[in-house]
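K.L.:
My questions will all concern the structure given below.
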Amino acid sequence: MSTVERAARPGDPAAGRSRTGGATASARLRVKLLLLEPEFRDATHHMWRADGLLPRYRTYLCTMYAVIRASVPLMELALDRARVRAASGDPLAGPLAAYLEEHIREEEGHDAWLLEDLRAAGGSPEDALGPLPSPLVASLVGSQYYWIEHHHPVALLGYIAVLEGYAPAPGLTGRIARLTGLPAAALRTVREHSALDTEHLGELYALLDRMPLGREPEAAVAVSALHSLDALTRLFVRLGRSAPAPSLRGAGPVPPMGVTS
């Protein structure tokens with residue numbers, strides 16, 4: 001899972017139709033996320049501006065390390081809870097567990113990429129490992145622990161949908177290299193995720209569309225996704241704060257039909 005300036009919208013909502021002609025669960029999720037996407041795009045565009053990009057990129061790597069190092073532990077917790085629910089007959093738990101088992105293997109080691117990128121960019125791993133992660137990171141990641149433990153692990157799919165759905169733009173690696181003079185060794189995370197996350201997102205949407213979600217589990221996925229996009233937007237606004245940043249409509253929790261990242 002990764003998130004930088006996104007390459008393209010996570011899909012055309014009009015294309016997501018079920019066999020009966022109604023919108024699929026993944027299409028409904030995409031429509032909700034589109035409501036918040038302009039703010040996210042403004043925040044990331046501002047963050048990746050040319051002036052002062054090199055030190056800001058190092059800060060970005062440290063911040064993303066704080067987020068991405070939680071990806072596998074989050075999925076492992078959700079997998080454990082899904083297996084318990086599967087044993088008691090929860091129809092969502094089996095497909096969820098199978099997906100998480102595979103996705104954990106795919107995501108292992110990605111946090112180490114960020115530390116390697118940071119070292120190649122002239123920083124030190126201690127820059128990422130030492131400081132207390134910001135409250136914005138805690139809000140983004142910590143909410144998932146709560147929902148997994150105290151509601152249902154299916155909520156984590158909303159978080160994954162956002163981190164996979166807003167992948168690096170194909171040209172971002174070249175732009176960073178051109179503006180900062182950094183070598184390819186400092187750009188692995190951005191480069192790899194511009195290719196990996198598009199494929200991963202398709203797998204996640206296929207899972208959402210074949211699971212027997214029902215209204216309440218689907219709402220849990222949507223609330224998780226919208227909150228994640230809200231938190232990510234605020235995180236990028238903070239990263240780009242060395243110049244005037246785009247304003248956000250509100251602060252704190254957002255209603256289910258309009259959250260940010």
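Each chain in the structure tokens gets a letter, A, B, ..., in the order shown, and its residues are numbered from 1; ligands are numbered from 1 in order too.
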Tell me, counting only C-alpha atoms, for each residue of range 142-205 of chain A within 10 Å of range 22-36 of chain A, which pair of atoms is nearest and how far apart they are in Å to one decimal, in rows ordered by chain and increasing number, as a tab-separated table.
P.N.:
```
residue	atom	partner	partner_atom	distance
A:Gly158	CA	A:Leu29	CA	8.6
A:Ala161	CA	A:Leu29	CA	9.1
A:Val162	CA	A:Leu33	CA	8.6
A:Gly165	CA	A:Arg30	CA	9.5
A:Gly202	CA	A:Ser26	CA	9.8
A:Leu204	CA	A:Ser26	CA	8.6
A:Tyr205	CA	A:Ser26	CA	5.3
```
K.L.:
Which neighbours of Leu136 in chain A fall inside 8 Å, counting only C-alpha atoms, when residues of the same chain fewer than 5 positions from it are skipped, and could you give them as an MDAnalysis selection string?
P.N.:
chainID A and resid 231 234:235
K.L.:
Can you write out the residues you just picked, keeping N, CA and C atoms, as a PDB file, in the first residue's frame?
P.N.:
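Everything below was put into selection-v7.pdb:
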```
ATOM      1  N   ALA A 231      -8.004  11.805   6.251  1.00  0.00           N
ATOM      2  CA  ALA A 231      -6.760  11.857   7.012  1.00  0.00           C
ATOM      3  C   ALA A 231      -5.549  12.030   6.098  1.00  0.00           C
ATOM      4  N   ARG A 234      -5.246  15.650   4.902  1.00  0.00           N
ATOM      5  CA  ARG A 234      -4.691  16.500   5.958  1.00  0.00           C
ATOM      6  C   ARG A 234      -3.195  16.250   6.138  1.00  0.00           C
ATOM      7  N   LEU A 235      -2.805  15.007   5.959  1.00  0.00           N
ATOM      8  CA  LEU A 235      -1.386  14.678   6.069  1.00  0.00           C
ATOM      9  C   LEU A 235      -0.583  15.368   4.972  1.00  0.00           C
TER      10      LEU A 235
END
```
K.L.:
Which polymer residues have any atom within 12 Å of an atom of Pro217 in chain A, counting only C-alpha atoms, with same-chain residues fewer than 6 positions away left out, as JSON, numbers by chain?
P.N.:
{"A": [25, 90, 91, 92, 93, 147, 151, 152, 153, 154, 155, 156, 157, 158, 208, 211, 223, 224]}
K.L.:
Mind writing the picked residues with N, CA and C atoms as a short mmCIF file (atom, residue, chain, number, x, y, z; two decimals), in the first residue's frame?
P.N.:
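Done, and the output landed in part21.cif:
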```cif
data_model
loop_
_atom_site.label_atom_id
_atom_site.label_comp_id
_atom_site.auth_asym_id
_atom_site.auth_seq_id
_atom_site.Cartn_x
_atom_site.Cartn_y
_atom_site.Cartn_z
N ALA A 25 -20.78 -2.86 -5.41
CA ALA A 25 -20.26 -2.28 -4.18
C ALA A 25 -19.03 -1.42 -4.46
N ASP A 90 -19.43 -16.49 10.09
CA ASP A 90 -19.56 -15.18 9.45
C ASP A 90 -19.28 -15.34 7.95
N PRO A 91 -20.24 -15.02 7.07
CA PRO A 91 -20.04 -15.25 5.63
C PRO A 91 -19.01 -14.33 5.00
N LEU A 92 -18.69 -13.22 5.64
CA LEU A 92 -17.68 -12.31 5.11
C LEU A 92 -16.27 -12.74 5.46
N ALA A 93 -16.15 -13.50 6.53
CA ALA A 93 -14.83 -13.74 7.12
C ALA A 93 -13.94 -14.62 6.26
N TRP A 147 -11.60 -0.14 14.60
CA TRP A 147 -12.71 -0.77 13.88
C TRP A 147 -12.49 -2.27 13.73
N HIS A 151 -15.44 -3.48 15.87
CA HIS A 151 -16.58 -3.55 14.95
C HIS A 151 -16.45 -4.79 14.07
N HIS A 152 -15.73 -4.68 12.97
CA HIS A 152 -15.58 -5.82 12.07
C HIS A 152 -14.32 -5.61 11.22
N PRO A 153 -13.50 -6.62 11.03
CA PRO A 153 -12.27 -6.45 10.24
C PRO A 153 -12.50 -6.09 8.79
N VAL A 154 -13.72 -6.26 8.28
CA VAL A 154 -13.99 -5.89 6.89
C VAL A 154 -13.78 -4.40 6.67
N ALA A 155 -13.86 -3.59 7.74
CA ALA A 155 -13.66 -2.14 7.60
C ALA A 155 -12.28 -1.82 7.02
N LEU A 156 -11.30 -2.67 7.27
CA LEU A 156 -9.95 -2.42 6.78
C LEU A 156 -9.91 -2.33 5.26
N LEU A 157 -10.86 -2.94 4.57
CA LEU A 157 -10.85 -2.88 3.10
C LEU A 157 -11.03 -1.46 2.60
N GLY A 158 -11.73 -0.61 3.34
CA GLY A 158 -11.86 0.79 2.94
C GLY A 158 -10.53 1.52 3.00
N LEU A 208 -14.63 -6.93 -3.19
CA LEU A 208 -15.82 -6.23 -2.70
C LEU A 208 -17.06 -6.64 -3.46
N MET A 211 -18.20 -10.35 -2.44
CA MET A 211 -18.55 -10.62 -1.05
C MET A 211 -20.02 -10.30 -0.79
N VAL A 223 -17.19 4.14 5.32
CA VAL A 223 -16.77 5.08 6.36
C VAL A 223 -15.26 5.01 6.56
N SER A 224 -14.72 3.80 6.58
CA SER A 224 -13.28 3.62 6.71
C SER A 224 -12.54 4.29 5.55
#
```
K.L.:
To one decimal place, how far is CA of Glu102 in chain A from CA of His150 in chain A in Å?
P.N.:
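It comes out at 23.9 Å.
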K.L.:
Sorted by chain and rising residue number, list the residues of range 140-215 of chain A at most 10 Å from range 111-120 of chain A (counting only C-alpha atoms), each with its closest atom pair and distance in Å to one decimal, as JSON lines.
P.N.:
```
{"residue": "A:Leu182", "atom": "CA", "partner": "A:Ala120", "partner_atom": "CA", "distance": 8.0}
{"residue": "A:Pro183", "atom": "CA", "partner": "A:Ala120", "partner_atom": "CA", "distance": 7.5}
{"residue": "A:Ala184", "atom": "CA", "partner": "A:Ala120", "partner_atom": "CA", "distance": 8.7}
{"residue": "A:Ala185", "atom": "CA", "partner": "A:Ala120", "partner_atom": "CA", "distance": 6.0}
{"residue": "A:Ala186", "atom": "CA", "partner": "A:Asp117", "partner_atom": "CA", "distance": 4.0}
{"residue": "A:Leu187", "atom": "CA", "partner": "A:Asp117", "partner_atom": "CA", "distance": 5.9}
{"residue": "A:Arg188", "atom": "CA", "partner": "A:Asp117", "partner_atom": "CA", "distance": 6.5}
{"residue": "A:Thr189", "atom": "CA", "partner": "A:Trp113", "partner_atom": "CA", "distance": 6.1}
{"residue": "A:Val190", "atom": "CA", "partner": "A:Leu114", "partner_atom": "CA", "distance": 9.3}
{"residue": "A:Glu192", "atom": "CA", "partner": "A:Trp113", "partner_atom": "CA", "distance": 9.8}
```
K.L.:
I need the residue nearest Gly142 in chain A from this list: A:Pro73, A:Gly109, A:Pro168, A:Gly130. Use only C-alpha atoms for the distance.
P.N.:
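Among the listed residues, the smallest separation from Gly142 in chain A belongs to A:Pro73.
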K.L.:
Set the distance at 8 Å and use only C-alpha atoms: which residues neighbour range 62-70 of chain A once local chain neighbours fewer than 4 positions away are removed? I'd like the list as number ranges by chain.
P.N.:
A: 1-2, 58, 74, 110-111, 114-115, 118, 127-129, 133, 137, 141
K.L.:
Store the residues picked out above in a file with all heavy atoms, as an mmCIF file, in the first residue's frame.
P.N.:
```cif
data_model
loop_
_atom_site.group_PDB
_atom_site.id
_atom_site.type_symbol
_atom_site.label_atom_id
_atom_site.label_comp_id
_atom_site.auth_asym_id
_atom_site.auth_seq_id
_atom_site.Cartn_x
_atom_site.Cartn_y
_atom_site.Cartn_z
ATOM 1 N N MET A 1 0.849 -1.186 0.000
ATOM 2 C CA MET A 1 0.000 0.000 0.000
ATOM 3 C C MET A 1 0.880 1.229 0.000
ATOM 4 O O MET A 1 1.855 1.299 0.707
ATOM 5 C CB MET A 1 -0.893 0.024 1.232
ATOM 6 C CG MET A 1 -1.924 -1.091 1.254
ATOM 7 S SD MET A 1 -3.012 -0.973 2.662
ATOM 8 C CE MET A 1 -2.013 -1.744 3.915
ATOM 9 N N SER A 2 0.496 2.199 -0.794
ATOM 10 C CA SER A 2 1.282 3.418 -0.863
ATOM 11 C C SER A 2 0.372 4.542 -1.271
ATOM 12 O O SER A 2 -0.674 4.335 -1.867
ATOM 13 C CB SER A 2 2.402 3.267 -1.885
ATOM 14 O OG SER A 2 3.062 4.478 -2.102
ATOM 15 N N ARG A 58 12.225 14.149 1.655
ATOM 16 C CA ARG A 58 12.749 13.384 2.780
ATOM 17 C C ARG A 58 11.717 13.310 3.906
ATOM 18 O O ARG A 58 11.535 12.256 4.524
ATOM 19 C CB ARG A 58 14.042 14.013 3.287
ATOM 20 C CG ARG A 58 15.203 13.965 2.303
ATOM 21 C CD ARG A 58 16.495 14.402 2.991
ATOM 22 N NE ARG A 58 17.589 14.540 2.044
ATOM 23 C CZ ARG A 58 18.151 15.710 1.715
ATOM 24 N NH1 ARG A 58 17.718 16.831 2.269
ATOM 25 N NH2 ARG A 58 19.154 15.751 0.840
ATOM 26 N N LEU A 74 -1.532 -4.313 10.670
ATOM 27 C CA LEU A 74 -2.983 -4.119 10.581
ATOM 28 C C LEU A 74 -3.648 -5.314 9.912
ATOM 29 O O LEU A 74 -4.681 -5.820 10.381
ATOM 30 C CB LEU A 74 -3.297 -2.859 9.769
ATOM 31 C CG LEU A 74 -3.364 -1.527 10.492
ATOM 32 C CD1 LEU A 74 -3.563 -0.399 9.475
ATOM 33 C CD2 LEU A 74 -4.488 -1.513 11.516
ATOM 34 N N HIS A 110 7.731 -3.553 2.387
ATOM 35 C CA HIS A 110 7.609 -2.258 1.734
ATOM 36 C C HIS A 110 8.037 -1.115 2.654
ATOM 37 O O HIS A 110 8.473 -0.061 2.164
ATOM 38 C CB HIS A 110 6.175 -2.038 1.233
ATOM 39 C CG HIS A 110 5.827 -2.911 0.076
ATOM 40 N ND1 HIS A 110 4.749 -2.660 -0.754
ATOM 41 C CD2 HIS A 110 6.402 -4.046 -0.403
ATOM 42 C CE1 HIS A 110 4.686 -3.604 -1.695
ATOM 43 N NE2 HIS A 110 5.668 -4.457 -1.494
ATOM 44 N N ASP A 111 7.916 -1.295 3.964
ATOM 45 C CA ASP A 111 8.404 -0.264 4.875
ATOM 46 C C ASP A 111 9.926 -0.142 4.793
ATOM 47 O O ASP A 111 10.479 0.960 4.898
ATOM 48 C CB ASP A 111 7.945 -0.548 6.304
ATOM 49 C CG ASP A 111 8.306 -1.943 6.785
ATOM 50 O OD1 ASP A 111 8.531 -2.841 5.948
ATOM 51 O OD2 ASP A 111 8.346 -2.152 8.013
ATOM 52 N N LEU A 114 11.186 2.254 2.143
ATOM 53 C CA LEU A 114 11.186 3.670 2.485
ATOM 54 C C LEU A 114 12.459 4.078 3.222
ATOM 55 O O LEU A 114 13.009 5.149 2.982
ATOM 56 C CB LEU A 114 9.946 3.993 3.325
ATOM 57 C CG LEU A 114 8.646 4.038 2.501
ATOM 58 C CD1 LEU A 114 7.447 3.692 3.362
ATOM 59 C CD2 LEU A 114 8.461 5.403 1.863
ATOM 60 N N LEU A 115 12.935 3.219 4.109
ATOM 61 C CA LEU A 115 14.186 3.521 4.816
ATOM 62 C C LEU A 115 15.371 3.522 3.849
ATOM 63 O O LEU A 115 16.282 4.352 3.965
ATOM 64 C CB LEU A 115 14.420 2.517 5.935
ATOM 65 C CG LEU A 115 13.378 2.513 7.066
ATOM 66 C CD1 LEU A 115 13.750 1.490 8.121
ATOM 67 C CD2 LEU A 115 13.227 3.898 7.681
ATOM 68 N N LEU A 118 15.200 6.697 1.913
ATOM 69 C CA LEU A 118 15.610 7.819 2.749
ATOM 70 C C LEU A 118 17.130 7.913 2.841
ATOM 71 O O LEU A 118 17.708 9.006 2.721
ATOM 72 C CB LEU A 118 15.001 7.666 4.146
ATOM 73 C CG LEU A 118 15.286 8.781 5.151
ATOM 74 C CD1 LEU A 118 14.766 10.116 4.641
ATOM 75 C CD2 LEU A 118 14.650 8.429 6.501
ATOM 76 N N ASP A 127 15.911 9.248 11.153
ATOM 77 C CA ASP A 127 14.993 10.364 10.925
ATOM 78 C C ASP A 127 13.542 9.881 10.905
ATOM 79 O O ASP A 127 12.622 10.626 11.271
ATOM 80 C CB ASP A 127 15.295 11.051 9.594
ATOM 81 C CG ASP A 127 16.681 11.675 9.564
ATOM 82 O OD1 ASP A 127 17.225 11.960 10.647
ATOM 83 O OD2 ASP A 127 17.218 11.855 8.443
ATOM 84 N N ALA A 128 13.346 8.650 10.455
ATOM 85 C CA ALA A 128 12.006 8.070 10.407
ATOM 86 C C ALA A 128 11.685 7.260 11.661
ATOM 87 O O ALA A 128 10.542 7.239 12.116
ATOM 88 C CB ALA A 128 11.864 7.173 9.176
ATOM 89 N N LEU A 129 12.699 6.593 12.211
ATOM 90 C CA LEU A 129 12.477 5.688 13.336
ATOM 91 C C LEU A 129 12.379 6.406 14.680
ATOM 92 O O LEU A 129 11.718 5.927 15.595
ATOM 93 C CB LEU A 129 13.614 4.661 13.401
ATOM 94 C CG LEU A 129 13.706 3.688 12.234
ATOM 95 C CD1 LEU A 129 15.046 2.955 12.258
ATOM 96 C CD2 LEU A 129 12.557 2.692 12.295
ATOM 97 N N PRO A 133 5.424 9.585 15.801
ATOM 98 C CA PRO A 133 4.556 9.839 14.641
ATOM 99 C C PRO A 133 3.494 10.880 14.979
ATOM 100 O O PRO A 133 3.024 10.958 16.122
ATOM 101 C CB PRO A 133 3.928 8.471 14.361
ATOM 102 C CG PRO A 133 4.921 7.491 14.907
ATOM 103 C CD PRO A 133 5.483 8.146 16.133
ATOM 104 N N VAL A 137 -1.004 10.824 11.562
ATOM 105 C CA VAL A 137 -0.707 9.420 11.265
ATOM 106 C C VAL A 137 -1.481 8.516 12.220
ATOM 107 O O VAL A 137 -2.056 7.500 11.817
ATOM 108 C CB VAL A 137 0.805 9.148 11.358
ATOM 109 C CG1 VAL A 137 1.093 7.651 11.269
ATOM 110 C CG2 VAL A 137 1.549 9.890 10.255
ATOM 111 N N VAL A 141 -4.091 5.635 10.905
ATOM 112 C CA VAL A 141 -3.834 4.216 11.149
ATOM 113 C C VAL A 141 -4.610 3.702 12.355
ATOM 114 O O VAL A 141 -5.183 2.611 12.327
ATOM 115 C CB VAL A 141 -2.321 3.976 11.341
ATOM 116 C CG1 VAL A 141 -2.053 2.518 11.672
ATOM 117 C CG2 VAL A 141 -1.545 4.388 10.089
#
```
K.L.:
Could you tell me how far CA of Ser143 in chain A sits from CA of His227 in chain A, in Å to one decimal place?
P.N.:
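These two atoms are separated by 8.7 Å.
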K.L.:
Between A:Leu53, A:Ala169, A:Leu226, A:Leu96, which one has atoms that come closest to Pro212 in chain A, using only C-alpha atoms?
P.N.:
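Between A:Leu53, A:Ala169, A:Leu226, A:Leu96, the residue approaching Pro212 in chain A most closely is A:Leu96.
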K.L.:
Between A:Ala222, A:Ala177, A:Val72, A:Met47, which one has atoms that come closest to Glu107 in chain A, using only C-alpha atoms?
P.N.:
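Checking each of A:Ala222, A:Ala177, A:Val72, A:Met47 against Glu107 in chain A, counting only C-alpha atoms, the winner is A:Val72.
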K.L.:
Could you tell me how far CA of Arg56 in chain A lies from CA of Ala121 in chain A, in Å and to one decimal?
P.N.:
11.1 Å
K.L.:
Taking the chain letters and numbering used in this document, name the residues of range 140-251 of chain A that DSSP puts in alpha helix (DSSP H), as a ChimeraX atom specification.
P.N.:
/A:140-150,156-165,172-180,188-210,215-239
K.L.:
For each of A:Glu76, A:Ile104, A:Tyr99, A:Gly89, take the minimum atom-to-atom distance to Tyr145 in chain A, counting only C-alpha atoms, then give the residue where this is smallest.
P.N.:
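Between A:Glu76, A:Ile104, A:Tyr99, A:Gly89, the residue approaching Tyr145 in chain A most closely is A:Glu76.
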